[in-house]
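A.B. asks: Data: model-v9.cif, mmCIF, C-alpha atoms.
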```cif
data_model
loop_
_atom_site.label_atom_id
_atom_site.label_comp_id
_atom_site.auth_asym_id
_atom_site.auth_seq_id
_atom_site.Cartn_x
_atom_site.Cartn_y
_atom_site.Cartn_z
CA MET J 19 0.00 0.00 0.00
CA LEU J 20 1.18 3.50 -0.83
CA ASN J 21 -0.37 6.25 1.29
CA VAL J 22 -0.58 9.66 -0.37
CA ALA J 23 -0.90 13.12 1.17
CA ILE J 24 -1.38 16.20 -0.99
CA VAL J 25 -0.08 19.66 -0.11
CA GLY J 26 -1.84 22.48 -1.93
CA PRO J 27 -4.67 20.58 -3.63
CA GLY J 28 -5.77 23.23 -6.11
CA LEU J 29 -6.34 22.63 -9.82
CA VAL J 30 -3.54 20.09 -10.24
CA GLY J 31 -4.15 18.38 -6.89
CA GLY J 32 -7.86 18.23 -7.62
CA ALA J 33 -7.19 16.62 -10.99
CA LEU J 34 -4.87 14.12 -9.30
CA ILE J 35 -7.58 13.21 -6.78
CA GLU J 36 -10.05 12.65 -9.62
CA GLN J 37 -7.59 10.36 -11.40
CA LEU J 38 -6.80 8.38 -8.26
CA VAL J 39 -10.49 7.87 -7.45
CA ALA J 40 -11.34 6.90 -11.03
CA HIS J 41 -8.55 4.33 -11.23
CA THR J 42 -9.26 2.73 -7.86
CA GLN J 43 -12.91 2.36 -8.89
CA SER J 44 -12.07 0.85 -12.26
CA PRO J 45 -12.24 -2.98 -12.39
CA ARG J 46 -8.98 -3.01 -14.31
CA PHE J 47 -7.13 -1.10 -11.59
CA ALA J 48 -9.19 -2.10 -8.57
CA ARG J 49 -6.12 -3.43 -6.76
CA LEU J 50 -3.95 -0.37 -7.29
CA PRO J 51 -2.52 0.07 -3.77
CA ILE J 52 -2.70 3.84 -3.43
CA ALA J 53 -4.80 5.54 -0.76
CA VAL J 54 -5.21 9.27 -0.07
CA VAL J 55 -4.70 9.83 3.67
CA GLY J 56 -3.98 13.56 3.95
CA LEU J 57 -4.84 16.94 2.44
CA ILE J 58 -3.59 20.35 3.50
CA ASN J 59 -3.90 23.85 2.10
CA SER J 60 -2.86 27.22 3.49
CA LYS J 61 -5.74 27.29 6.00
CA ARG J 62 -6.97 23.79 6.80
CA MET J 63 -5.94 20.15 6.82
CA ALA J 64 -7.49 16.70 7.00
CA LEU J 65 -5.82 13.43 7.99
CA SER J 66 -6.98 9.82 8.05
CA SER J 67 -5.36 6.81 9.71
CA THR J 68 -6.62 4.57 6.89
CA ALA J 69 -7.92 6.30 3.75
CA PHE J 70 -10.48 8.85 2.71
CA THR J 71 -13.52 7.37 0.99
CA ALA J 72 -14.22 7.99 -2.68
CA ALA J 73 -17.35 9.89 -1.65
CA ASP J 74 -15.36 12.23 0.58
CA LEU J 75 -12.71 12.75 -2.08
CA ALA J 76 -15.37 13.58 -4.67
CA GLN J 77 -16.28 16.62 -2.54
CA TRP J 78 -12.92 17.21 -0.87
CA GLN J 79 -13.20 21.00 -0.86
CA THR J 80 -16.24 20.89 1.44
CA THR J 81 -16.21 17.49 3.15
CA LEU J 82 -12.50 17.35 4.00
CA LEU J 83 -11.20 20.94 3.86
CA GLY J 84 -14.41 22.75 4.69
CA ASP J 85 -15.03 25.15 7.55
CA SER J 86 -15.05 22.35 10.13
CA ALA J 87 -11.60 21.05 9.20
CA GLU J 88 -8.75 21.56 11.65
CA PRO J 89 -6.29 24.42 11.16
CA ALA J 90 -3.31 23.79 8.88
CA ASP J 91 -0.10 22.80 10.65
CA LEU J 92 2.56 21.50 8.28
CA SER J 93 4.82 20.22 11.04
CA ARG J 94 2.08 18.17 12.70
CA PHE J 95 0.88 17.09 9.26
CA ALA J 96 4.31 15.61 8.46
CA ASP J 97 4.69 14.08 11.94
CA THR J 98 1.34 12.32 11.62
CA LEU J 99 2.13 11.04 8.14
CA SER J 100 5.46 9.61 9.25
CA ALA J 101 3.57 7.50 11.82
CA VAL J 102 1.00 6.12 9.37
CA SER J 103 1.20 2.34 9.24
CA GLY J 104 0.28 -0.08 6.49
CA GLY J 105 2.80 0.87 3.82
CA ALA J 106 4.98 3.65 2.48
CA THR J 107 3.80 7.26 2.46
CA ALA J 108 4.38 9.88 -0.24
CA VAL J 109 3.83 13.61 0.10
CA VAL J 110 2.72 15.30 -3.12
CA ASP J 111 3.61 19.00 -3.19
CA CYS J 112 1.30 20.73 -5.67
CA THR J 113 2.38 24.24 -4.69
CA SER J 114 4.95 26.47 -6.34
CA SER J 115 6.33 27.57 -2.97
CA ASP J 116 10.00 27.97 -2.10
CA ALA J 117 9.12 27.50 1.57
CA ILE J 118 7.40 24.17 0.94
CA ALA J 119 10.29 22.96 -1.25
CA ALA J 120 12.68 23.76 1.60
CA LEU J 121 10.83 21.18 3.70
CA TYR J 122 11.69 18.25 1.43
CA PRO J 123 14.83 17.26 3.39
CA SER J 124 12.84 17.12 6.62
CA TRP J 125 10.17 15.01 4.96
CA LEU J 126 12.76 12.63 3.55
CA THR J 127 14.47 12.39 6.95
CA ARG J 128 11.10 11.28 8.36
CA GLY J 129 11.00 8.50 5.74
CA LEU J 130 8.40 10.20 3.54
CA HIS J 131 8.67 9.97 -0.24
CA VAL J 132 8.26 13.19 -2.23
CA VAL J 133 6.50 13.67 -5.57
CA THR J 134 6.03 17.15 -7.00
CA PRO J 135 5.57 19.43 -10.00
CA ASN J 136 7.14 22.25 -7.93
CA LYS J 137 10.33 23.36 -9.67
CA LYS J 138 11.75 25.36 -6.77
CA GLY J 139 13.57 22.55 -4.94
CA PHE J 140 15.39 21.45 -8.09
CA SER J 141 16.17 24.80 -9.73
CA GLY J 142 16.87 26.97 -6.69
CA GLU J 143 19.84 26.91 -4.34
CA MET J 144 22.32 24.20 -5.30
CA SER J 145 22.77 23.31 -1.63
CA LEU J 146 19.08 22.37 -1.32
CA PHE J 147 19.22 20.36 -4.54
CA ARG J 148 22.30 18.46 -3.33
CA GLU J 149 20.70 17.73 0.04
CA ILE J 150 17.54 16.39 -1.60
CA GLU J 151 19.69 14.33 -3.97
CA ARG J 152 21.75 12.92 -1.09
CA LEU J 153 18.77 11.96 1.04
CA ALA J 154 17.03 10.28 -1.91
CA SER J 155 20.12 8.37 -3.08
CA SER J 156 19.74 5.27 -0.90
CA PRO J 157 18.09 2.39 -2.78
CA LEU J 158 16.15 1.43 0.36
CA GLY J 159 15.39 4.94 1.60
CA PRO J 160 12.72 7.43 0.61
CA SER J 161 12.64 8.57 -3.00
CA VAL J 162 11.98 11.81 -4.85
CA TYR J 163 10.22 11.98 -8.20
CA HIS J 164 9.56 15.22 -10.07
CA GLU J 165 8.74 14.27 -13.65
CA ALA J 166 6.08 17.00 -13.81
CA THR J 167 8.58 19.82 -13.17
CA VAL J 168 9.54 19.75 -16.86
CA GLY J 169 6.93 19.11 -19.51
CA ALA J 170 4.04 18.26 -17.13
CA GLY J 171 3.17 14.66 -18.05
CA LEU J 172 5.63 14.27 -20.91
CA PRO J 173 8.33 11.63 -20.20
CA VAL J 174 11.17 14.16 -20.26
CA LEU J 175 13.04 13.58 -17.01
CA SER J 176 12.49 9.82 -17.07
CA THR J 177 14.01 9.73 -20.55
CA LEU J 178 16.95 11.87 -19.48
CA ASN J 179 17.50 9.73 -16.38
CA ASP J 180 17.51 6.59 -18.52
CA LEU J 181 20.06 8.12 -20.89
CA VAL J 182 22.32 9.20 -18.01
CA ARG J 183 22.04 5.98 -16.01
CA THR J 184 22.85 3.81 -19.00
CA GLY J 185 26.03 5.79 -19.64
CA ASP J 186 25.02 7.80 -22.68
CA ARG J 187 26.82 11.12 -23.17
CA ILE J 188 24.52 14.15 -23.31
CA ILE J 189 25.67 16.50 -26.05
CA LYS J 190 22.75 18.90 -25.92
CA ILE J 191 19.13 19.21 -24.91
CA GLU J 192 17.13 21.76 -26.80
CA GLY J 193 13.45 22.51 -26.47
CA ILE J 194 10.41 24.71 -26.41
CA PHE J 195 9.51 24.29 -22.75
CA SER J 196 6.80 26.93 -22.28
CA GLY J 197 3.28 26.27 -23.50
CA THR J 198 2.63 30.00 -23.36
CA LEU J 199 5.63 30.99 -25.47
CA SER J 200 5.01 28.06 -27.78
CA TYR J 201 1.49 29.32 -28.46
CA LEU J 202 2.64 32.93 -28.90
CA PHE J 203 5.37 32.29 -31.45
CA ASN J 204 3.54 29.48 -33.27
CA ASN J 205 0.84 32.05 -34.02
CA PHE J 206 2.97 35.17 -34.40
CA SER J 207 5.93 33.81 -36.35
CA ALA J 208 4.72 31.62 -39.20
CA PRO J 209 4.44 32.09 -42.98
CA GLY J 210 1.21 33.98 -43.68
CA ALA J 211 0.61 35.04 -40.07
CA SER J 212 -0.64 38.61 -39.83
CA HIS J 213 -1.39 39.27 -36.15
CA SER J 214 0.72 41.70 -34.17
CA PHE J 215 2.72 40.44 -31.22
CA SER J 216 0.59 42.37 -28.72
CA ALA J 217 -2.58 40.91 -30.25
CA CYS J 218 -1.18 37.39 -29.88
CA VAL J 219 -0.34 38.07 -26.25
CA ALA J 220 -3.85 39.45 -25.65
CA VAL J 221 -5.48 36.35 -27.16
CA ALA J 222 -3.21 34.05 -25.14
CA LYS J 223 -4.06 35.93 -21.95
CA ALA J 224 -7.80 35.86 -22.69
CA ASN J 225 -7.64 32.10 -23.28
CA GLY J 226 -5.82 31.46 -20.01
CA TYR J 227 -2.49 30.45 -21.59
CA THR J 228 -0.47 33.11 -19.77
CA GLU J 229 0.12 33.94 -16.15
CA PRO J 230 -2.13 36.74 -14.81
CA ASP J 231 0.81 39.03 -15.61
CA PRO J 232 2.20 37.85 -18.98
CA ARG J 233 5.59 39.30 -18.08
CA ASP J 234 6.03 36.25 -15.82
CA ASP J 235 6.06 34.17 -19.02
CA LEU J 236 7.89 36.58 -21.30
CA ASN J 237 10.81 37.11 -18.90
CA GLY J 238 11.96 33.54 -19.53
CA MET J 239 12.44 32.52 -15.90
CA ASP J 240 10.04 29.57 -16.07
CA VAL J 241 12.02 28.18 -19.00
CA ALA J 242 15.26 28.92 -17.12
CA ARG J 243 14.11 26.81 -14.17
CA LYS J 244 13.34 23.91 -16.49
CA VAL J 245 16.70 24.22 -18.23
CA THR J 246 18.39 24.27 -14.82
CA ILE J 247 16.57 21.10 -13.75
CA LEU J 248 17.51 19.30 -16.97
CA GLY J 249 21.12 20.42 -16.67
CA ARG J 250 21.40 19.27 -13.06
CA VAL J 251 19.84 15.89 -13.82
CA ALA J 252 22.37 15.59 -16.65
CA GLY J 253 25.15 16.21 -14.12
CA LEU J 254 25.94 19.85 -14.84
CA ASP J 255 26.64 22.50 -12.22
CA ILE J 256 24.06 25.00 -13.43
CA GLY J 257 21.75 27.56 -11.85
CA THR J 258 19.26 30.22 -12.84
CA ASP J 259 21.56 32.84 -11.31
CA THR J 260 24.32 32.15 -13.84
CA LEU J 261 22.25 31.02 -16.84
CA PRO J 262 22.00 33.60 -19.66
CA VAL J 263 18.28 34.31 -20.07
CA GLU J 264 16.83 36.58 -22.75
CA ASN J 265 14.00 38.60 -21.26
CA ILE J 266 11.76 39.59 -24.17
CA VAL J 267 9.67 41.98 -22.09
CA PRO J 268 10.51 45.44 -23.54
CA GLU J 269 12.81 47.14 -21.07
CA ALA J 270 10.52 50.15 -20.74
CA LEU J 271 7.67 47.88 -19.59
CA ARG J 272 9.55 45.78 -17.04
CA GLY J 273 8.91 48.23 -14.23
CA VAL J 274 5.29 49.21 -14.89
CA SER J 275 3.19 48.55 -11.82
CA THR J 276 0.32 46.46 -13.19
CA ALA J 277 -0.39 43.79 -15.78
CA GLU J 278 -3.15 46.03 -17.16
CA GLU J 279 -0.71 48.87 -17.85
CA PHE J 280 1.71 46.40 -19.43
CA MET J 281 -1.00 45.13 -21.81
CA GLU J 282 -2.10 48.68 -22.67
CA ARG J 283 1.43 49.73 -23.61
CA LEU J 284 2.65 46.56 -25.30
CA PRO J 285 1.37 47.66 -28.78
CA GLU J 286 3.97 50.44 -28.63
CA PHE J 287 6.58 47.73 -29.27
CA ASP J 288 4.83 45.80 -32.03
CA ASP J 289 7.19 47.29 -34.64
CA HIS J 290 10.18 45.85 -32.76
CA PHE J 291 8.77 42.32 -32.76
CA SER J 292 7.50 42.66 -36.33
CA GLN J 293 11.01 43.58 -37.50
CA LEU J 294 12.51 40.54 -35.76
CA ASN J 295 9.87 38.34 -37.36
CA LYS J 296 10.32 39.91 -40.80
CA GLU J 297 14.06 39.29 -40.73
CA ALA J 298 13.52 35.68 -39.68
CA LEU J 299 10.95 35.00 -42.39
CA GLN J 300 13.11 36.63 -45.06
CA SER J 301 15.86 34.16 -44.16
CA GLY J 302 13.44 31.21 -44.44
CA SER J 303 13.11 30.85 -40.69
CA VAL J 304 10.69 31.43 -37.83
CA LEU J 305 11.17 32.68 -34.27
CA ARG J 306 10.93 30.28 -31.36
CA TYR J 307 11.67 30.81 -27.66
CA VAL J 308 13.93 27.95 -26.59
CA GLY J 309 15.95 26.55 -23.74
CA PHE J 310 19.32 24.98 -24.45
CA VAL J 311 21.39 22.67 -22.26
CA ASP J 312 24.97 22.38 -23.52
CA GLY J 313 26.53 19.17 -22.25
CA VAL J 314 29.87 19.75 -23.97
CA GLU J 315 30.91 23.41 -23.79
CA GLY J 316 28.75 24.44 -20.85
CA GLN J 317 27.14 27.26 -22.85
CA SER J 318 23.54 26.64 -21.78
CA SER J 319 21.06 29.45 -22.39
CA VAL J 320 17.46 30.59 -22.77
CA LYS J 321 16.75 32.78 -25.76
CA LEU J 322 14.67 33.76 -28.77
CA ALA J 323 16.14 31.94 -31.76
CA ARG J 324 15.54 31.35 -35.45
CA TYR J 325 14.75 27.92 -36.89
CA PRO J 326 14.44 26.99 -40.58
CA LEU J 327 10.98 26.09 -41.80
CA ASP J 328 11.85 22.40 -42.14
CA HIS J 329 12.97 22.12 -38.50
CA PRO J 330 10.65 20.22 -36.10
CA PHE J 331 10.46 23.29 -33.85
CA ALA J 332 9.14 25.39 -36.76
CA SER J 333 6.18 23.11 -37.44
CA LEU J 334 4.96 22.96 -33.84
CA LYS J 335 1.26 23.71 -33.37
CA GLY J 336 -0.86 25.11 -30.57
CA SER J 337 0.80 25.25 -27.17
CA ASP J 338 2.74 21.98 -27.38
CA ASN J 339 6.18 21.48 -25.89
CA ILE J 340 8.95 19.79 -27.86
CA ILE J 341 12.26 18.55 -26.47
CA ALA J 342 15.17 17.16 -28.50
CA PHE J 343 17.94 15.09 -26.88
CA THR J 344 21.17 14.86 -28.87
CA THR J 345 23.52 12.28 -27.38
CA GLU J 346 26.37 10.03 -28.35
CA ARG J 347 23.89 7.22 -29.04
CA PHE J 348 21.29 9.53 -30.59
CA PRO J 349 23.19 11.83 -32.99
CA ASN J 350 19.84 12.30 -34.74
CA PRO J 351 17.88 13.77 -31.85
CA LEU J 352 15.45 11.77 -29.76
CA ILE J 353 12.35 13.98 -29.79
CA ILE J 354 9.48 14.17 -27.30
CA GLN J 355 6.47 16.30 -28.19
CA GLY J 356 3.05 16.95 -26.71
CA ALA J 357 1.03 18.95 -24.23
CA GLY J 358 3.41 20.37 -21.65
CA ALA J 359 0.92 22.19 -19.43
CA GLY J 360 -2.54 21.75 -17.96
CA ALA J 361 -3.99 20.26 -14.79
CA ALA J 362 -4.90 16.87 -16.24
CA VAL J 363 -1.55 16.14 -17.89
CA THR J 364 0.40 17.47 -14.90
CA ALA J 365 -1.65 15.23 -12.60
CA PHE J 366 -0.90 12.33 -14.92
CA GLY J 367 2.83 12.99 -14.52
CA ILE J 368 2.43 12.99 -10.73
CA PHE J 369 0.28 9.86 -10.81
CA SER J 370 2.84 7.98 -12.91
CA ASP J 371 5.52 8.91 -10.36
CA LEU J 372 3.32 7.61 -7.54
CA ILE J 373 2.97 4.31 -9.38
CA LYS J 374 6.75 4.06 -9.60
CA ILE J 375 6.98 4.44 -5.82
CA ALA J 376 4.20 1.91 -5.31
CA GLU J 377 6.07 -0.56 -7.50
CA ARG J 378 9.29 -0.08 -5.53
CA PHE J 379 7.96 0.19 -1.99
CA GLY J 380 4.32 -0.92 -1.99
CA SER J 381 3.01 -4.44 -2.12
CA GLY J 382 0.37 -6.19 -4.12
CA LEU J 383 0.52 -3.98 -7.20
CA ALA J 384 -1.15 -5.83 -10.02
CA ASP J 385 0.45 -4.79 -13.30
CA PRO J 386 -1.97 -4.90 -16.24
CA LYS J 387 -1.40 -7.78 -18.63
CA PHE J 388 -1.86 -7.28 -22.35
#
```
As structure tokens - that is how I would like this structure written.

C.D. replies:
Amino acid sequence: MLNVAIVGPGLVGGALIEQLVAHTQSPRFARLPIAVVGLINSKRMALSSTAFTAADLAQWQTTLLGDSAEPADLSRFADTLSAVSGGATAVVDCTSSDAIAALYPSWLTRGLHVVTPNKKGFSGEMSLFREIERLASSPLGPSVYHEATVGAGLPVLSTLNDLVRTGDRIIKIEGIFSGTLSYLFNNFSAPGASHSFSACVAVAKANGYTEPDPRDDLNGMDVARKVTILGRVAGLDIGTDTLPVENIVPEALRGVSTAEEFMERLPEFDDHFSQLNKEALQSGSVLRYVGFVDGVEGQSSVKLARYPLDHPFASLKGSDNIIAFTTERFPNPLIIQGAGAGAAVTAFGIFSDLIKIAERFGSGLADPKF
């Protein structure tokens, strides 16, 4: 049995709960040994010594974390989880909090496994990353899985780990890692496209593709965190503080006080982006915002780059991510492509990590036979 506790069950955590309930109720996966035993948000928490029922989980916002729930206390939450019997216990951190990520070593010390889409523990201070890595290195000790930190549910980190662990040499990893920036440049920079850059940003914001303040996407830091994670998993000493990152927010708009003012003034810079796009198209290329991990020269970066029209990055559609691994064994890149954002696919990435822990530390897992 694998016991699961979820920290910050918002959109992603809610989608994960739905997937866990659906699979445990399916005849095909009826014996999947995963039980939800804890939920905690910023205000309230709920704990069970066995497992929450499917009926309770279906209405978790009101039945488990409603007004009658006990006040949130992360320390007591972790202490209680470490004493749960009947199998291993994994804490799923669905927040984006630095403070929560800093707790991973204490959770691991208590014997709790960690699964998360939170990038902060793996792209922040190198000392925290090394401590998490050290505590999770024992084959019999607690483990850490964070597939969903890069590419949501796409098998990016698992592929990279397989390449590294089998002794392949990473030459470079190159990709479009932001669904927001993928959508923007797929629509703005393409033969025949006629929309201005500011109009593309406005549409993306209206459709929920961007952060509430689009500058949080356009500054490149989300991509930088993903590049840092990939580089560290590949064995590089890399950090967002030393990684060259091209911030495509016009300098004059970086300090404006609100997202509304930024959106109002962004059309002032349409000519700048149109000129970049015109020059790219005239050379038979398109613009794409990419992250680059250099496994040979150490020249990793995040930048706006040109790609010829016959390149896989140039033909990307919608808001998909695409990642290309060039290695000694794969001189023609190994390419992974698909949805790299969204609650359902991120929850899938978390769920698949939980299954890995259940396979290693749980008992009675019935693998499907085909």

A.B. asks: Provide the atom CA of J:Val109 to atom CA of J:Val22 distance in Å, to one decimal place.

C.D. replies: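 So the answer is 5.9 Å.
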
A.B. asks: Assuming the chain letters and numbering stay as they are in my file, what does the PyMOL selection byres ((chain J and resi 151) around 12) actually select? List them as a list in words.

C.D. replies: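 Written out, the selection comes to Tyr122, Pro123, Leu126, Val132, Gly139, Phe140, Met144, Ser145, Leu146, Phe147, Arg148, Glu149, Ile150, Arg152, Leu153, Ala154, Ser155, Ser156, Gly159, Pro160, Ser161, Val162, Tyr163, His164, Arg250, Val251 and Gly253 of chain J.
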
A.B. asks: Quote the spacing between atom CA of J:Ser216 and atom CA of J:Asp288 in Å to one decimal place.

C.D. replies: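 Taking atom CA of J:Ser216 and atom CA of J:Asp288, their separation equals 6.4 Å.
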
A.B. asks: Excluding J:Ser86 and its own-chain neighbours fewer than 6 positions away, which residues fall within 12 Å of it when counting only C-alpha atoms? Please give them as a PDB file with C-alpha atoms, in the coordinates of the input.

C.D. replies:
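Writing the result to selection36.pdb gives the following:
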```
ATOM      1  CA  LYS J  61      -5.740  27.290   6.000  1.00  0.00           C
ATOM      2  CA  ARG J  62      -6.970  23.790   6.800  1.00  0.00           C
ATOM      3  CA  MET J  63      -5.940  20.150   6.820  1.00  0.00           C
ATOM      4  CA  ALA J  64      -7.490  16.700   7.000  1.00  0.00           C
ATOM      5  CA  GLN J  79     -13.200  21.000  -0.860  1.00  0.00           C
ATOM      6  CA  THR J  80     -16.240  20.890   1.440  1.00  0.00           C
TER       7      THR J  80
END
```

A.B. asks: List, as a ChimeraX atom specification, every residue that the PyMOL selection byres ((chain J and resi 363-367) around 8) selects in the file provided.

C.D. replies: /J:30-31,33-34,37,135,165-166,170-172,357-362,368-371

A.B. asks: Could you list as a list in words every residue that has an atom within 12 Å of (-1.8, 23.6, 12.6), using the file's coordinates and counting all atoms listed in the file?

C.D. replies: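 Taken together, the residues in range are Ile58, Asn59, Ser60, Lys61, Arg62, Met63, Ala64, Leu65, Ala87, Glu88, Pro89, Ala90, Asp91, Leu92, Ser93, Arg94, Phe95, Ala96, Asp97 and Thr98 of chain J.
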
A.B. asks: Taking the file above as input, evaluate the PyMOL selection byres ((chain J and resi 186) around 7) and report the hits as a short mmCIF file (atom, residue, chain, number, x, y, z; two decimals) with C-alpha atoms, keeping the file's coordinate frame.

C.D. replies:
```
data_model
loop_
_atom_site.label_atom_id
_atom_site.label_comp_id
_atom_site.auth_asym_id
_atom_site.auth_seq_id
_atom_site.Cartn_x
_atom_site.Cartn_y
_atom_site.Cartn_z
CA LEU J 181 20.06 8.12 -20.89
CA VAL J 182 22.32 9.20 -18.01
CA THR J 184 22.85 3.81 -19.00
CA GLY J 185 26.03 5.79 -19.64
CA ARG J 187 26.82 11.12 -23.17
CA ILE J 188 24.52 14.15 -23.31
CA THR J 345 23.52 12.28 -27.38
CA GLU J 346 26.37 10.03 -28.35
CA ARG J 347 23.89 7.22 -29.04
#
```

A.B. asks: Excluding J:Asp255 and its own-chain neighbours fewer than 2 positions away, which residues fall within 12 Å of it when counting all atoms listed in the file? Please give them as number ranges by chain.

C.D. replies: J: 141, 143-145, 147-148, 245-253, 257-261, 311-313, 316-318

A.B. asks: Store the residues picked out above in a file with C-alpha atoms, as a JSON list (two decimals), in the coordinates of the input.

C.D. replies:
```
[["chain", "number", "residue", "atom", "x", "y", "z"],
["J", 141, "SER", "CA", 16.17, 24.80, -9.73],
["J", 143, "GLU", "CA", 19.84, 26.91, -4.34],
["J", 144, "MET", "CA", 22.32, 24.20, -5.30],
["J", 145, "SER", "CA", 22.77, 23.31, -1.63],
["J", 147, "PHE", "CA", 19.22, 20.36, -4.54],
["J", 148, "ARG", "CA", 22.30, 18.46, -3.33],
["J", 245, "VAL", "CA", 16.70, 24.22, -18.23],
["J", 246, "THR", "CA", 18.39, 24.27, -14.82],
["J", 247, "ILE", "CA", 16.57, 21.10, -13.75],
["J", 248, "LEU", "CA", 17.51, 19.30, -16.97],
["J", 249, "GLY", "CA", 21.12, 20.42, -16.67],
["J", 250, "ARG", "CA", 21.40, 19.27, -13.06],
["J", 251, "VAL", "CA", 19.84, 15.89, -13.82],
["J", 252, "ALA", "CA", 22.37, 15.59, -16.65],
["J", 253, "GLY", "CA", 25.15, 16.21, -14.12],
["J", 257, "GLY", "CA", 21.75, 27.56, -11.85],
["J", 258, "THR", "CA", 19.26, 30.22, -12.84],
["J", 259, "ASP", "CA", 21.56, 32.84, -11.31],
["J", 260, "THR", "CA", 24.32, 32.15, -13.84],
["J", 261, "LEU", "CA", 22.25, 31.02, -16.84],
["J", 311, "VAL", "CA", 21.39, 22.67, -22.26],
["J", 312, "ASP", "CA", 24.97, 22.38, -23.52],
["J", 313, "GLY", "CA", 26.53, 19.17, -22.25],
["J", 316, "GLY", "CA", 28.75, 24.44, -20.85],
["J", 317, "GLN", "CA", 27.14, 27.26, -22.85],
["J", 318, "SER", "CA", 23.54, 26.64, -21.78]]
```

A.B. asks: Which residue out of J:Asn265, J:Thr134, J:Thr228, J:Gln43 has the minimum interatomic distance to J:Ser200 when all atoms listed in the file are used?

C.D. replies: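 Of J:Asn265, J:Thr134, J:Thr228, J:Gln43, the one nearest J:Ser200 is J:Thr228, counting all atoms listed in the file.
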
A.B. asks: Would you compute the distance between atom CA of J:Gly210 and atom CA of J:Lys296? Give it in Å to one decimal.

C.D. replies: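 For atom CA of J:Gly210 relative to atom CA of J:Lys296, the distance reads 11.2 Å.
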
A.B. asks: Let me make sure I understand: among J:His290, J:Lys190, J:Arg128, J:Arg46, which one has the smallest atom-to-atom distance to J:Asn350 if we use all atoms listed in the file?

C.D. replies: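 Of J:His290, J:Lys190, J:Arg128, J:Arg46, the one nearest J:Asn350, counting all atoms listed in the file, is J:Lys190.
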
A.B. asks: Could you pull the residues within 7 Å of J:Lys138, counting only C-alpha atoms, minus those fewer than 2 positions along the same chain, as number ranges by chain?

C.D. replies: J: 114-116, 119, 136, 140-142

A.B. asks: Kindly indicate which residue among J:Thr198, J:Ser66, J:Ser176, J:Thr127 lies nearest to J:Arg233, using all atoms listed in the file for the distances.

C.D. replies: J:Thr198

A.B. asks: Mind rebuilding stretch 148-158 of chain J with N, CA, C and O atoms and writing that out as an mmCIF file, keeping the file's coordinate frame?

C.D. replies:
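For reference, part_25.cif as written:
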```
data_model
loop_
_atom_site.group_PDB
_atom_site.id
_atom_site.type_symbol
_atom_site.label_atom_id
_atom_site.label_comp_id
_atom_site.auth_asym_id
_atom_site.auth_seq_id
_atom_site.Cartn_x
_atom_site.Cartn_y
_atom_site.Cartn_z
ATOM 1 N N ARG J 148 21.351 19.508 -3.711
ATOM 2 C CA ARG J 148 22.300 18.460 -3.330
ATOM 3 C C ARG J 148 21.817 17.689 -2.094
ATOM 4 O O ARG J 148 21.998 16.470 -2.007
ATOM 5 N N GLU J 149 21.199 18.394 -1.158
ATOM 6 C CA GLU J 149 20.700 17.730 0.040
ATOM 7 C C GLU J 149 19.543 16.795 -0.301
ATOM 8 O O GLU J 149 19.470 15.666 0.203
ATOM 9 N N ILE J 150 18.643 17.251 -1.150
ATOM 10 C CA ILE J 150 17.540 16.390 -1.600
ATOM 11 C C ILE J 150 18.104 15.173 -2.330
ATOM 12 O O ILE J 150 17.685 14.031 -2.094
ATOM 13 N N GLU J 151 19.065 15.409 -3.203
ATOM 14 C CA GLU J 151 19.690 14.330 -3.970
ATOM 15 C C GLU J 151 20.357 13.321 -3.044
ATOM 16 O O GLU J 151 20.225 12.100 -3.222
ATOM 17 N N ARG J 152 21.057 13.817 -2.020
ATOM 18 C CA ARG J 152 21.750 12.920 -1.090
ATOM 19 C C ARG J 152 20.772 12.064 -0.300
ATOM 20 O O ARG J 152 20.953 10.849 -0.172
ATOM 21 N N LEU J 153 19.720 12.685 0.207
ATOM 22 C CA LEU J 153 18.770 11.960 1.040
ATOM 23 C C LEU J 153 17.956 10.941 0.236
ATOM 24 O O LEU J 153 17.468 9.959 0.794
ATOM 25 N N ALA J 154 17.815 11.189 -1.067
ATOM 26 C CA ALA J 154 17.030 10.280 -1.910
ATOM 27 C C ALA J 154 17.902 9.254 -2.627
ATOM 28 O O ALA J 154 17.396 8.493 -3.453
ATOM 29 N N SER J 155 19.204 9.221 -2.318
ATOM 30 C CA SER J 155 20.120 8.370 -3.080
ATOM 31 C C SER J 155 20.157 6.921 -2.615
ATOM 32 O O SER J 155 20.600 6.042 -3.353
ATOM 33 N N SER J 156 19.702 6.643 -1.397
ATOM 34 C CA SER J 156 19.740 5.270 -0.900
ATOM 35 C C SER J 156 18.692 4.420 -1.598
ATOM 36 O O SER J 156 17.526 4.816 -1.693
ATOM 37 N N PRO J 157 19.072 3.230 -2.085
ATOM 38 C CA PRO J 157 18.090 2.390 -2.780
ATOM 39 C C PRO J 157 16.961 1.896 -1.882
ATOM 40 O O PRO J 157 15.898 1.528 -2.367
ATOM 41 N N LEU J 158 17.177 1.892 -0.573
ATOM 42 C CA LEU J 158 16.150 1.430 0.360
ATOM 43 C C LEU J 158 15.471 2.573 1.098
ATOM 44 O O LEU J 158 14.517 2.350 1.850
#
```
